[in-house]
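Visitor: structure.tsv (TSV, C-alpha atoms and all ligand atoms) pasted underneath:
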chain	number	residue	atom	x	y	z
A	25	MET	CA	23.42	82.28	34.49
A	26	LEU	CA	21.61	79.30	35.82
A	27	ILE	CA	21.91	75.96	34.14
A	28	LYS	CA	19.52	73.32	35.33
A	29	TYR	CA	19.76	69.60	34.86
A	30	ASN	CA	16.77	67.41	35.52
A	31	LEU	CA	18.15	64.02	36.00
A	32	ILE	CA	17.06	60.46	36.18
A	33	LYS	CA	17.17	58.73	39.49
A	34	GLY	CA	19.71	55.92	39.56
A	35	PHE	CA	20.03	53.74	42.60
A	36	TRP	CA	23.16	51.89	41.52
A	37	GLY	CA	24.86	55.10	40.61
A	38	THR	CA	24.26	56.38	44.09
A	39	VAL	CA	25.81	53.47	45.84
A	40	PHE	CA	28.59	53.19	43.30
A	41	CYS	CA	29.48	56.75	44.08
A	42	ILE	CA	29.59	56.20	47.79
A	43	ALA	CA	31.67	53.12	47.31
A	44	LEU	CA	34.11	55.02	45.18
A	45	VAL	CA	34.54	57.65	47.85
A	46	LEU	CA	35.32	55.18	50.52
A	47	VAL	CA	37.61	53.08	48.43
A	48	ILE	CA	39.71	56.10	47.66
A	49	LEU	CA	39.72	57.13	51.29
A	50	GLU	CA	41.15	53.75	52.13
A	51	LEU	CA	43.72	54.06	49.41
A	52	ALA	CA	44.73	57.48	50.57
A	53	ALA	CA	45.25	56.17	54.06
A	54	GLY	CA	47.39	53.31	52.89
A	55	THR	CA	49.70	54.89	50.36
A	56	SER	CA	52.72	57.08	50.57
A	57	GLY	CA	55.48	58.37	48.37
A	58	THR	CA	55.42	60.17	45.11
A	59	ALA	CA	52.94	58.08	43.22
A	60	ASN	CA	49.33	58.54	42.47
A	61	ALA	CA	46.96	56.45	44.57
A	62	ALA	CA	44.70	55.90	41.58
A	63	THR	CA	47.15	53.38	40.22
A	64	ASP	CA	46.22	50.88	42.90
A	65	ILE	CA	43.69	48.32	41.80
A	66	VAL	CA	40.49	48.09	43.78
A	67	GLY	CA	37.07	46.58	43.40
A	68	ILE	CA	33.69	47.81	44.46
A	69	CYS	CA	30.85	45.62	45.55
A	70	VAL	CA	27.40	47.06	46.14
A	71	ASP	CA	24.92	44.94	48.05
A	72	GLY	CA	26.70	41.83	46.80
A	73	LYS	CA	27.19	42.94	43.19
A	74	MET	CA	30.58	43.88	41.75
A	75	VAL	CA	30.49	47.22	39.99
A	76	VAL	CA	32.36	47.77	36.73
A	77	PHE	CA	33.95	51.16	36.07
A	78	ALA	CA	32.84	52.54	32.73
A	79	ASP	CA	34.40	55.65	31.20
A	80	GLN	CA	33.74	57.81	34.25
A	81	LYS	CA	37.23	57.72	35.64
A	82	PRO	CA	37.84	59.69	38.80
A	83	ILE	CA	41.04	61.65	39.33
A	84	VAL	CA	43.08	61.84	42.49
A	85	ASP	CA	44.05	65.35	43.52
A	86	ASP	CA	47.08	66.61	45.44
A	87	ASN	CA	45.32	65.86	48.71
A	88	ASN	CA	44.95	62.24	47.68
A	89	ARG	CA	41.20	62.62	47.38
A	90	THR	CA	39.12	61.50	44.49
A	91	LEU	CA	37.31	64.00	42.34
A	92	VAL	CA	34.60	63.07	39.84
A	93	PRO	CA	32.77	65.17	37.28
A	94	ILE	CA	29.74	66.66	39.00
A	95	ARG	CA	27.42	65.39	36.30
A	96	PHE	CA	28.35	61.87	37.30
A	97	PRO	CA	26.97	61.90	40.83
A	98	ALA	CA	24.18	64.11	39.61
A	99	GLU	CA	23.00	61.85	36.82
A	100	GLU	CA	23.57	58.67	38.73
A	101	LEU	CA	22.23	59.84	42.05
A	102	GLY	CA	19.03	61.21	40.69
A	103	ALA	CA	19.95	64.58	42.08
A	104	THR	CA	19.35	68.00	40.62
A	105	VAL	CA	22.40	70.15	40.00
A	106	ASP	CA	22.24	73.92	39.66
A	107	TRP	CA	25.39	75.71	38.59
A	108	LEU	CA	25.57	79.28	39.94
A	109	ASN	CA	28.04	80.87	37.58
A	110	ALA	CA	28.43	84.21	39.35
A	111	SER	CA	29.37	82.70	42.69
A	112	ARG	CA	31.05	79.63	41.14
A	113	GLN	CA	28.88	77.37	43.24
A	114	ALA	CA	27.15	74.09	42.58
A	115	LYS	CA	23.92	73.15	44.30
A	116	VAL	CA	23.20	69.46	44.57
A	117	LYS	CA	19.83	68.23	45.80
A	118	ASN	CA	18.91	64.65	46.45
A	119	LYS	CA	15.28	64.02	47.35
A	120	ASN	CA	12.97	61.10	47.96
A	121	HIS	CA	15.54	58.44	47.22
A	122	ALA	CA	14.31	54.91	47.82
A	123	THR	CA	16.71	54.05	50.61
A	124	LEU	CA	18.90	57.06	51.30
A	125	PRO	CA	18.04	60.23	53.22
A	126	ASP	CA	17.52	63.59	51.50
A	127	SER	CA	20.50	65.84	51.10
A	128	ASP	CA	21.01	69.43	50.08
A	129	ILE	CA	24.59	70.42	49.31
A	130	LEU	CA	26.10	73.72	48.23
A	131	LEU	CA	29.76	73.71	47.31
A	132	THR	CA	32.03	76.41	45.98
A	133	ILE	CA	34.89	75.91	43.54
A	134	GLY	CA	38.21	76.18	45.36
A	135	LYS	CA	36.68	76.22	48.84
A	136	LYS	CA	36.79	73.58	51.52
A	137	GLU	CA	33.64	74.81	53.25
A	138	VAL	CA	30.45	73.16	52.07
A	139	MET	CA	26.89	73.79	53.18
A	140	VAL	CA	25.17	70.52	53.89
A	141	ASN	CA	21.52	70.56	54.90
A	142	GLY	CA	22.03	74.14	56.09
A	143	MET	CA	25.13	73.40	58.15
A	144	THR	CA	28.74	74.23	57.31
A	145	ARG	CA	31.03	71.27	56.87
A	146	VAL	CA	34.70	71.34	55.96
A	147	MET	CA	36.22	68.97	53.45
A	148	ASP	CA	39.95	68.35	53.33
A	149	THR	CA	40.08	69.22	49.65
A	150	THR	CA	38.10	71.31	47.18
A	151	ALA	CA	36.04	71.10	44.04
A	152	VAL	CA	37.90	72.31	40.96
A	153	ILE	CA	37.21	73.08	37.33
A	154	MET	CA	39.19	71.02	34.84
A	155	GLY	CA	38.64	71.90	31.23
A	156	LYS	CA	34.91	72.35	31.05
A	157	ARG	CA	34.14	69.96	33.88
A	158	THR	CA	33.40	70.71	37.47
A	159	MET	CA	35.16	68.03	39.49
A	160	VAL	CA	33.87	67.42	42.99
A	161	PRO	CA	35.37	65.51	45.89
A	162	LEU	CA	33.28	62.45	46.61
A	163	ARG	CA	34.09	62.01	50.25
A	164	PHE	CA	31.50	64.38	51.63
A	165	ILE	CA	28.75	62.72	49.64
A	166	SER	CA	29.28	59.45	51.48
A	167	GLU	CA	28.79	61.15	54.82
A	168	TYR	CA	25.18	62.00	54.08
A	169	MET	CA	24.02	58.97	52.20
A	170	GLY	CA	23.53	56.71	55.17
A	171	ALA	CA	25.16	53.65	53.59
A	172	SER	CA	27.42	51.21	55.42
A	173	VAL	CA	30.81	50.62	53.91
A	174	LYS	CA	33.37	48.00	54.74
A	175	TRP	CA	36.83	47.56	53.33
A	176	ASP	CA	38.46	44.21	52.79
A	177	ALA	CA	42.21	44.78	52.54
A	178	SER	CA	43.07	41.27	51.37
A	179	THR	CA	40.92	41.48	48.25
A	180	ARG	CA	40.98	45.29	48.02
A	181	ILE	CA	37.24	45.38	47.62
A	182	ALA	CA	35.09	48.09	49.14
A	183	PHE	CA	31.73	46.69	50.18
A	184	VAL	CA	28.80	49.05	50.20
A	185	PHE	CA	25.52	48.20	51.87
A	186	THR	CA	22.51	50.36	51.25
A	187	ARG	CA	19.61	48.33	52.49
A	188	GLY	CA	20.19	48.39	56.20
A	189	GLN	CA	21.72	44.91	56.23
A	190	THR	CA	22.65	43.42	59.59
A	191	GLU	CA	26.26	42.82	60.53
A	192	GLU	CA	25.74	39.12	59.87
A	193	GLU	CA	24.31	39.73	56.41
A	194	MET	CA	27.17	42.03	55.53
A	195	ASN	CA	29.72	39.45	56.65
A	196	LEU	CA	28.04	36.74	54.59
A	197	ILE	CA	28.30	38.84	51.45
A	198	MET	CA	31.90	39.75	52.18
A	199	THR	CA	32.93	36.15	52.77
A	200	GLU	CA	31.28	35.04	49.57
A	201	LYS	CA	32.91	37.78	47.47
A	202	ALA	CA	36.28	37.29	49.11
A	203	ALA	CA	36.14	33.64	48.01
A	204	ASP	CA	35.55	34.74	44.41
A	205	HIS	CA	38.36	37.26	44.50
A	206	HIS	CA	40.73	35.59	46.88
A	207	ILE	CA	44.45	35.50	46.47
A	208	PRO	CA	45.37	31.83	45.96
A	209	ALA	CA	46.37	30.23	49.23
A	210	ASP	CA	49.77	29.19	47.92
A	211	ARG	CA	50.85	32.79	47.27
A	212	VAL	CA	53.12	34.55	49.69
A	213	LYS	CA	51.32	37.73	50.76
A	214	ASN	CA	54.25	39.80	51.97
A	215	ILE	CA	57.97	39.71	51.44
A	216	LYS	CA	60.95	41.82	52.41
A	217	ILE	CA	62.93	43.42	49.62
A	218	LEU	CA	66.21	44.78	50.93
A	219	MET	CA	67.77	47.82	49.24
A	220	TYR	CA	71.54	48.12	48.98
A	221	HIS	CA	73.73	50.46	46.99
A	222	GLU	CA	77.51	50.31	47.17
A	223	VAL	CA	79.25	47.59	49.17
A	224	ALA	CA	82.63	49.13	49.91
A	225	ILE	CA	84.48	51.31	52.36
A	226	PRO	CA	83.36	54.88	51.64
A	227	PRO	CA	85.97	57.14	50.09
A	228	LYS	CA	87.24	60.10	52.07
A	229	TYR	CA	85.35	62.54	49.86
A	230	ALA	CA	81.98	60.94	50.62
A	231	THR	CA	79.51	63.39	52.12
A	232	GLU	CA	77.32	62.55	55.08
A	233	ASN	CA	74.53	61.64	52.65
A	234	THR	CA	76.46	59.53	50.18
A	235	ASN	CA	78.21	57.88	53.09
A	236	GLN	CA	74.89	56.26	53.93
A	237	LEU	CA	74.88	54.46	50.61
A	238	TYR	CA	77.94	52.43	51.58
A	239	VAL	CA	77.85	49.18	53.49
A	240	GLU	CA	81.30	47.96	54.40
A	241	PRO	CA	82.25	44.55	53.00
A	242	ALA	CA	82.83	42.94	56.40
A	243	ILE	CA	79.42	44.13	57.61
A	244	PHE	CA	77.81	42.95	54.40
A	245	GLU	CA	79.18	39.46	54.95
A	246	GLN	CA	77.64	39.50	58.39
A	247	HIS	CA	74.29	40.56	56.89
A	248	LEU	CA	74.34	37.55	54.57
A	249	ASP	CA	75.24	35.25	57.45
A	250	ILE	CA	72.37	36.62	59.54
A	251	LEU	CA	69.97	35.93	56.67
A	252	LYS	CA	71.27	32.35	56.44
A	253	LYS	CA	71.04	31.90	60.18
A	254	ASN	CA	67.43	33.14	60.18
A	255	GLY	CA	66.55	30.57	57.54
A	256	TYR	CA	65.93	33.04	54.73
A	257	ASN	CA	66.13	31.93	51.12
A	258	THR	CA	66.94	34.53	48.49
A	259	ILE	CA	64.92	34.86	45.31
A	260	THR	CA	64.92	37.53	42.60
A	261	LEU	CA	62.20	40.04	41.84
A	262	ARG	CA	61.53	38.12	38.66
A	263	ASP	CA	60.89	34.99	40.75
A	264	LEU	CA	58.50	36.99	42.91
A	265	TYR	CA	56.59	38.26	39.91
A	266	GLN	CA	56.26	34.76	38.45
A	267	HIS	CA	55.17	33.45	41.83
A	268	TRP	CA	52.49	36.08	42.30
A	269	GLU	CA	51.32	36.01	38.70
A	270	TYR	CA	51.61	32.33	37.79
A	271	GLY	CA	52.08	30.49	41.05
A	272	LYS	CA	55.70	29.53	40.38
A	273	PRO	CA	56.88	27.92	43.62
A	274	ILE	CA	59.30	29.86	45.80
A	275	PRO	CA	61.07	28.59	48.92
A	276	THR	CA	59.72	29.22	52.38
A	277	ASN	CA	61.06	32.35	54.08
A	278	SER	CA	61.94	34.01	50.82
A	279	ILE	CA	63.67	37.37	50.83
A	280	ILE	CA	64.93	39.59	48.00
A	281	LEU	CA	68.21	41.46	47.90
A	282	THR	CA	68.38	44.40	45.50
A	283	PHE	CA	71.43	46.45	44.57
A	284	ASP	CA	71.00	49.83	42.88
A	285	ASP	CA	73.35	51.56	40.44
A	286	GLY	CA	75.53	48.66	39.22
A	287	TYR	CA	78.80	49.46	40.97
A	288	ARG	CA	81.90	47.45	40.20
A	289	SER	CA	81.80	46.01	43.73
A	290	MET	CA	78.74	44.03	42.67
A	291	TYR	CA	80.91	41.86	40.48
A	292	ASP	CA	84.12	41.96	42.47
A	293	PHE	CA	82.69	41.32	45.89
A	294	VAL	CA	78.92	40.95	46.18
A	295	MET	CA	78.43	38.21	43.62
A	296	PRO	CA	81.20	35.93	44.99
A	297	GLU	CA	79.84	36.33	48.53
A	298	LEU	CA	76.35	35.45	47.31
A	299	ILE	CA	77.56	32.44	45.33
A	300	LYS	CA	79.47	31.18	48.38
A	301	ARG	CA	76.17	31.04	50.26
A	302	GLU	CA	74.07	29.85	47.30
A	303	MET	CA	72.25	33.15	47.24
A	304	VAL	CA	70.91	35.29	44.39
A	305	ALA	CA	70.01	38.96	44.04
A	306	SER	CA	68.56	41.53	41.65
A	307	PHE	CA	70.97	44.12	40.25
A	308	PHE	CA	69.78	47.41	38.81
A	309	ILE	CA	72.05	48.77	36.13
A	310	ILE	CA	72.30	52.36	34.87
A	311	THR	CA	72.93	51.69	31.21
A	312	ASP	CA	74.89	54.83	30.37
A	313	LYS	CA	77.23	54.03	33.25
A	314	PHE	CA	78.17	50.47	32.54
A	315	ASN	CA	81.60	50.08	30.98
A	316	HIS	CA	82.64	53.20	32.95
A	317	SER	CA	85.23	52.74	35.64
A	318	GLY	CA	83.68	52.00	38.99
A	319	TYR	CA	80.73	50.23	37.35
A	320	VAL	CA	80.14	46.76	35.98
A	321	ASN	CA	80.83	46.19	32.30
A	322	GLU	CA	79.13	43.99	29.71
A	323	SER	CA	81.07	40.80	30.34
A	324	MET	CA	80.58	41.17	34.10
A	325	ILE	CA	76.84	41.56	33.58
A	326	GLN	CA	76.82	38.43	31.44
A	327	GLU	CA	78.67	36.47	34.09
A	328	MET	CA	76.35	37.68	36.83
A	329	HIS	CA	73.38	36.61	34.73
A	330	ARG	CA	74.93	33.19	34.11
A	331	ASN	CA	75.28	32.80	37.87
A	332	GLY	CA	71.55	33.23	38.41
A	333	MET	CA	71.61	36.91	39.30
A	334	GLU	CA	68.78	39.02	37.95
A	335	ILE	CA	69.90	41.83	35.66
A	336	ALA	CA	67.42	44.69	35.64
A	337	SER	CA	67.17	48.34	34.65
A	338	HIS	CA	67.76	51.42	36.76
A	339	SER	CA	67.11	53.68	33.71
A	340	HIS	CA	69.63	54.91	31.19
A	341	SER	CA	70.90	58.06	32.87
A	342	HIS	CA	69.54	57.95	36.42
A	343	CYS	CA	67.42	61.06	35.97
A	344	ASP	CA	64.08	62.24	37.34
A	345	LEU	CA	61.66	60.16	35.27
A	346	ARG	CA	58.81	62.59	35.78
A	347	ASN	CA	60.50	64.84	33.26
A	348	ALA	CA	62.53	62.61	30.98
A	349	ASP	CA	62.62	60.90	27.62
A	350	LEU	CA	61.00	57.64	28.68
A	351	GLU	CA	61.76	55.95	25.37
A	352	ILE	CA	65.46	56.24	26.17
A	353	GLU	CA	65.28	55.81	29.92
A	354	LEU	CA	62.87	52.89	30.08
A	355	ASN	CA	62.65	51.22	26.69
A	356	GLN	CA	66.16	51.58	25.34
A	357	SER	CA	67.79	50.70	28.64
A	358	LYS	CA	65.73	47.51	28.69
A	359	THR	CA	66.65	46.56	25.13
A	360	LEU	CA	70.31	47.29	25.76
A	361	LEU	CA	70.42	44.96	28.76
A	362	GLU	CA	68.40	42.28	27.00
A	363	ASN	CA	70.87	42.25	24.13
A	364	ILE	CA	73.74	41.76	26.55
A	365	ILE	CA	72.22	38.96	28.61
A	366	ASN	CA	70.16	37.43	25.82
A	367	ASP	CA	67.21	37.17	28.16
A	368	ASN	CA	64.20	39.23	29.15
A	369	VAL	CA	64.46	42.10	31.60
A	370	TYR	CA	61.50	42.02	33.97
A	371	SER	CA	62.26	44.55	36.64
A	372	PHE	CA	62.81	48.25	37.02
A	373	CYS	CA	63.99	50.49	39.85
A	374	TYR	CA	63.08	54.20	39.87
A	375	PRO	CA	66.18	56.44	40.14
A	376	CYS	CA	65.97	58.26	43.49
A	377	GLY	CA	62.52	56.76	43.87
A	378	LEU	CA	61.00	59.43	41.61
A	379	TYR	CA	58.12	58.55	39.31
A	380	ASP	CA	54.53	59.37	38.46
A	381	LYS	CA	51.56	57.68	36.87
A	382	ASN	CA	52.91	58.35	33.40
A	383	THR	CA	56.14	56.53	34.30
A	384	ILE	CA	54.18	53.51	35.45
A	385	ASP	CA	52.08	53.45	32.28
A	386	TYR	CA	55.22	53.62	30.17
A	387	LEU	CA	56.90	50.82	32.12
A	388	ALA	CA	53.93	48.58	31.44
A	389	LYS	CA	54.01	49.55	27.77
A	390	CYS	CA	57.69	48.57	27.56
A	391	GLY	CA	56.91	45.16	28.98
A	392	TYR	CA	58.38	45.58	32.44
A	393	LYS	CA	56.55	43.35	34.90
A	394	VAL	CA	57.55	44.77	38.23
A	395	ALA	CA	59.10	47.93	39.71
A	396	ILE	CA	60.51	48.89	43.07
A	397	THR	CA	60.46	52.17	44.95
A	398	VAL	CA	62.38	53.61	47.89
A	399	ASN	CA	59.23	53.75	50.02
A	400	TYR	CA	59.91	51.91	53.25
A	401	GLY	CA	58.11	48.71	54.11
A	402	GLU	CA	57.44	45.14	53.11
A	403	ALA	CA	56.27	44.38	49.59
A	404	LEU	CA	52.70	43.11	49.61
A	405	ILE	CA	50.81	41.09	47.03
A	406	ASN	CA	48.09	43.73	46.95
A	407	GLN	CA	50.46	46.64	46.41
A	408	ASN	CA	50.65	47.91	42.88
A	409	ILE	CA	53.23	45.63	41.21
A	410	TYR	CA	54.96	48.78	39.92
A	411	GLU	CA	55.21	50.34	43.37
A	412	LEU	CA	56.69	47.69	45.61
A	413	LYS	CA	58.19	48.94	48.83
A	414	ARG	CA	61.67	48.13	50.09
A	415	ILE	CA	63.62	48.07	53.28
A	416	ARG	CA	66.61	50.37	53.03
A	417	ILE	CA	69.87	49.05	54.43
A	418	ASN	CA	72.22	51.81	55.50
A	419	ARG	CA	75.82	52.11	56.48
A	420	GLU	CA	74.77	52.30	60.11
A	421	ASP	CA	72.94	48.98	59.92
A	422	GLN	CA	75.24	46.90	62.00
A	423	ILE	CA	74.26	43.55	63.38
A	424	GLU	CA	71.56	44.72	65.76
A	425	THR	CA	69.58	47.06	63.53
A	426	PHE	CA	69.96	44.78	60.53
A	427	SER	CA	68.62	41.84	62.54
A	428	LYS	CA	65.64	43.95	63.51
A	429	LYS	CA	64.96	44.95	59.92
A	430	VAL	CA	64.96	41.34	58.75
A	431	ALA	CA	63.13	39.88	61.73
A	432	PRO	CA	60.72	37.16	60.58
A	433	PRO	CA	57.73	38.62	58.80
A	434	GLY	CA	54.71	39.53	60.80
A	435	LYS	CA	51.70	41.51	59.82
A	436	PRO	CA	52.63	44.37	57.51
B	1	ZN	ZN	70.17	54.83	42.01
The structure given in the file should be rewritten as structure tokens.
Ligand SMILES: [Zn+2]

Guide:
Amino acid sequence: MLIKYNLIKGFWGTVFCIALVLVILELAAGTSGTANAATDIVGICVDGKMVVFADQKPIVDDNNRTLVPIRFPAEELGATVDWLNASRQAKVKNKNHATLPDSDILLTIGKKEVMVNGMTRVMDTTAVIMGKRTMVPLRFISEYMGASVKWDASTRIAFVFTRGQTEEEMNLIMTEKAADHHIPADRVKNIKILMYHEVAIPPKYATENTNQLYVEPAIFEQHLDILKKNGYNTITLRDLYQHWEYGKPIPTNSIILTFDDGYRSMYDFVMPELIKREMVASFFIITDKFNHSGYVNESMIQEMHRNGMEIASHSHSHCDLRNADLEIELNQSKTLLENIINDNVYSFCYPCGLYDKNTIDYLAKCGYKVAITVNYGEALINQNIYELKRIRINREDQIETFSKKVAPPGKP
């Protein structure tokens, strides 16, 4: 069977498409971990005009490449699409476009090889069928459209130029758009969020893996002293969110200390050591664990909160959130903590760093403002606010390696 679409030529659709491809390529290059790159927020600017996404939402596949319904590029590009049902192939022809060269593309569902203008090219992902839609990877399209694309990491805008602009003209447009979309100058762009678990001497039964979660108290004290000596000022994740979102002032050289799991040592040892040094931290509580021995209880949580510590959620049962009852794990754990501290809970920490797009959507729905992962690196203002990276502090982080990890911020 041969289905033929005769489609209207659409210049903006063409360039929009190319832009989309390249934006996602950039995203793919810059992300890691378990999450879906599509959750990052990006803008697209075509020849100086910002493009608004309508209902044609791309998906990101397992190879971190963006797929769009084939009718989208077809309709918007002014191309003809023939669907060859027997061979499960799609034939895309683009001819006599105002500014872009002709192209003739034959792709096969599930295959990386594509015929482009009679030559075989290999994509790093494949077209697929989802429901009734043929979804095609956009990357290869960009390679034959002859547009120039530039990426501005600070504004996360992909700039697409289709009219043969000079380098100078492209820079003028980028500077102008960057000014419209700039991050306010008073905002800190990158910050280190340190990740701790238990601060104690590991028990004899600790395995090699769990051993790593322990930092010995004497070493921990040294860590805090190093931070002081380096001129760091501690803030909470909630402070960071309010700074980024509303411009709430934070001290120079801010750093964030986070403690996962809510162990009893947080109250017995960590909090007093922080208070001694006029420091604060964010503590992530597993709500079905508190009041159990070895973990903080309600009155301890209240006292920590009174002392300026941030109380935040680490889920109810510390399970894999990709397959869990999110109402209990995210919403109820938040409400439970809020009732104890009589304050809002802003922050969330994914148990074992496991989450997906659905988890992020649910967090937002519950009113969480910020979430942290176990992906290594500095947190950046243009990272997804629900996917902030952290710097893991291990048992083996003695003075030298710790000092390296908290060396004054440079370029991320
Ligand atoms: Zn944990």

Visitor: Find the smallest box with edges along x, y and z containing every listed atom of stretch 352-356 of chain A, then add 6 Å on each side and report centre and edge lengths in Å to one decimal, as JSON.

Guide:
{"center_x": 64.4, "center_y": 53.7, "center_z": 27.7, "size_x": 15.5, "size_y": 17.0, "size_z": 16.7}

Visitor: Sorted by chain and rising residue number, which residues of chain A lie within 12 Å of ligand ZN 1 (chain B), and what are their closest atom pairs and distances in Å to one decimal, counting all atoms listed in the file, as JSON lines?

Guide:
{"residue": "A:Met219", "atom": "CA", "partner": "B:ZN1", "partner_atom": "ZN", "distance": 10.4}
{"residue": "A:Tyr220", "atom": "CA", "partner": "B:ZN1", "partner_atom": "ZN", "distance": 9.8}
{"residue": "A:His221", "atom": "CA", "partner": "B:ZN1", "partner_atom": "ZN", "distance": 7.5}
{"residue": "A:Glu222", "atom": "CA", "partner": "B:ZN1", "partner_atom": "ZN", "distance": 10.0}
{"residue": "A:Thr234", "atom": "CA", "partner": "B:ZN1", "partner_atom": "ZN", "distance": 11.3}
{"residue": "A:Leu237", "atom": "CA", "partner": "B:ZN1", "partner_atom": "ZN", "distance": 9.8}
{"residue": "A:Thr282", "atom": "CA", "partner": "B:ZN1", "partner_atom": "ZN", "distance": 11.1}
{"residue": "A:Phe283", "atom": "CA", "partner": "B:ZN1", "partner_atom": "ZN", "distance": 8.9}
{"residue": "A:Asp284", "atom": "CA", "partner": "B:ZN1", "partner_atom": "ZN", "distance": 5.1}
{"residue": "A:Asp285", "atom": "CA", "partner": "B:ZN1", "partner_atom": "ZN", "distance": 4.8}
{"residue": "A:Gly286", "atom": "CA", "partner": "B:ZN1", "partner_atom": "ZN", "distance": 8.6}
{"residue": "A:Tyr287", "atom": "CA", "partner": "B:ZN1", "partner_atom": "ZN", "distance": 10.2}
{"residue": "A:Phe307", "atom": "CA", "partner": "B:ZN1", "partner_atom": "ZN", "distance": 10.9}
{"residue": "A:Phe308", "atom": "CA", "partner": "B:ZN1", "partner_atom": "ZN", "distance": 8.1}
{"residue": "A:Ile309", "atom": "CA", "partner": "B:ZN1", "partner_atom": "ZN", "distance": 8.7}
{"residue": "A:Ile310", "atom": "CA", "partner": "B:ZN1", "partner_atom": "ZN", "distance": 7.8}
{"residue": "A:Thr311", "atom": "CA", "partner": "B:ZN1", "partner_atom": "ZN", "distance": 11.6}
{"residue": "A:Lys313", "atom": "CA", "partner": "B:ZN1", "partner_atom": "ZN", "distance": 11.3}
{"residue": "A:Ser337", "atom": "CA", "partner": "B:ZN1", "partner_atom": "ZN", "distance": 10.3}
{"residue": "A:His338", "atom": "CA", "partner": "B:ZN1", "partner_atom": "ZN", "distance": 6.7}
{"residue": "A:Ser339", "atom": "CA", "partner": "B:ZN1", "partner_atom": "ZN", "distance": 8.9}
{"residue": "A:His340", "atom": "CA", "partner": "B:ZN1", "partner_atom": "ZN", "distance": 10.8}
{"residue": "A:Ser341", "atom": "CA", "partner": "B:ZN1", "partner_atom": "ZN", "distance": 9.7}
{"residue": "A:His342", "atom": "CA", "partner": "B:ZN1", "partner_atom": "ZN", "distance": 6.4}
{"residue": "A:Cys343", "atom": "CA", "partner": "B:ZN1", "partner_atom": "ZN", "distance": 9.1}
{"residue": "A:Asp344", "atom": "CA", "partner": "B:ZN1", "partner_atom": "ZN", "distance": 10.7}
{"residue": "A:Phe372", "atom": "CA", "partner": "B:ZN1", "partner_atom": "ZN", "distance": 11.1}
{"residue": "A:Cys373", "atom": "CA", "partner": "B:ZN1", "partner_atom": "ZN", "distance": 7.9}
{"residue": "A:Tyr374", "atom": "CA", "partner": "B:ZN1", "partner_atom": "ZN", "distance": 7.4}
{"residue": "A:Pro375", "atom": "CA", "partner": "B:ZN1", "partner_atom": "ZN", "distance": 4.7}
{"residue": "A:Cys376", "atom": "CA", "partner": "B:ZN1", "partner_atom": "ZN", "distance": 5.6}
{"residue": "A:Gly377", "atom": "CA", "partner": "B:ZN1", "partner_atom": "ZN", "distance": 8.1}
{"residue": "A:Leu378", "atom": "CA", "partner": "B:ZN1", "partner_atom": "ZN", "distance": 10.3}
{"residue": "A:Ile396", "atom": "CA", "partner": "B:ZN1", "partner_atom": "ZN", "distance": 11.4}
{"residue": "A:Thr397", "atom": "CA", "partner": "B:ZN1", "partner_atom": "ZN", "distance": 10.5}
{"residue": "A:Val398", "atom": "CA", "partner": "B:ZN1", "partner_atom": "ZN", "distance": 9.8}

Visitor: With a distance cut-off of 9 Å and only C-alpha atoms, select the neighbouring residues of A:Val138, excluding the residue or stretch itself and same-chain residues fewer than 6 positions from it, and output the selection as an mmCIF file with C-alpha atoms, keeping the file's coordinate frame.

Guide:
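around-v2.cif, written as the output of this step:
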data_model
loop_
_atom_site.group_PDB
_atom_site.id
_atom_site.type_symbol
_atom_site.label_atom_id
_atom_site.label_comp_id
_atom_site.auth_asym_id
_atom_site.auth_seq_id
_atom_site.Cartn_x
_atom_site.Cartn_y
_atom_site.Cartn_z
ATOM 1 C CA ILE A 129 24.590 70.420 49.310
ATOM 2 C CA LEU A 130 26.100 73.720 48.230
ATOM 3 C CA LEU A 131 29.760 73.710 47.310
ATOM 4 C CA THR A 132 32.030 76.410 45.980
ATOM 5 C CA THR A 144 28.740 74.230 57.310
ATOM 6 C CA ARG A 145 31.030 71.270 56.870
ATOM 7 C CA VAL A 146 34.700 71.340 55.960
ATOM 8 C CA MET A 147 36.220 68.970 53.450
ATOM 9 C CA PHE A 164 31.500 64.380 51.630
#

Visitor: At what distance in Å, to one decimal, does atom CA of A:Asp128 lie from atom CA of A:Trp107?

Guide: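 Between these atoms lies a distance of 13.8 Å.
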
Visitor: In terms of the shortest atom-to-atom distance over only C-alpha atoms, which of A:Lys300, A:Lys156, A:Lys73, A:Lys358 is closest to A:Asp249?

Guide: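 Going through A:Lys300, A:Lys156, A:Lys73, A:Lys358 one by one, the smallest distance to A:Asp249 is for A:Lys300.
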
Visitor: Between atom CA of A:Asn418 and atom CA of A:Ile215, what distance in Å does the model show, to one decimal?

Guide: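 Atom-to-atom, atom CA of A:Asn418 to atom CA of A:Ile215, that is 19.1 Å.
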
Visitor: How many Å lie between atom CA of A:Met154 and atom CA of A:Tyr386, rounded to one decimal?

Guide: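 Separating atom CA of A:Met154 from atom CA of A:Tyr386 is a distance of 24.1 Å.
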
Visitor: Compare A:Met324, A:Leu281, A:Ile417, A:Val116 by their minimum atom-to-atom distance to A:Ala305, counting all atoms listed in the file, and give me the closest one.

Guide: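 So, comparing all the options, the nearest one is A:Leu281.
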
Visitor: My list of candidates is A:Ala203, A:Ala103, A:Leu354, A:Ile94. Which is closest to A:Val160 when distances are computed with only C-alpha atoms?

Guide: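 Nearest candidate to A:Val160 out of A:Ala203, A:Ala103, A:Leu354, A:Ile94: A:Ile94.
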
Visitor: Which one is closest to A:Ser371: A:Ser306, A:Asn321, A:Gln407, A:Asn331? Count only C-alpha atoms.

Guide: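 With only C-alpha atoms as the atom set, the closest residue is A:Ser306.
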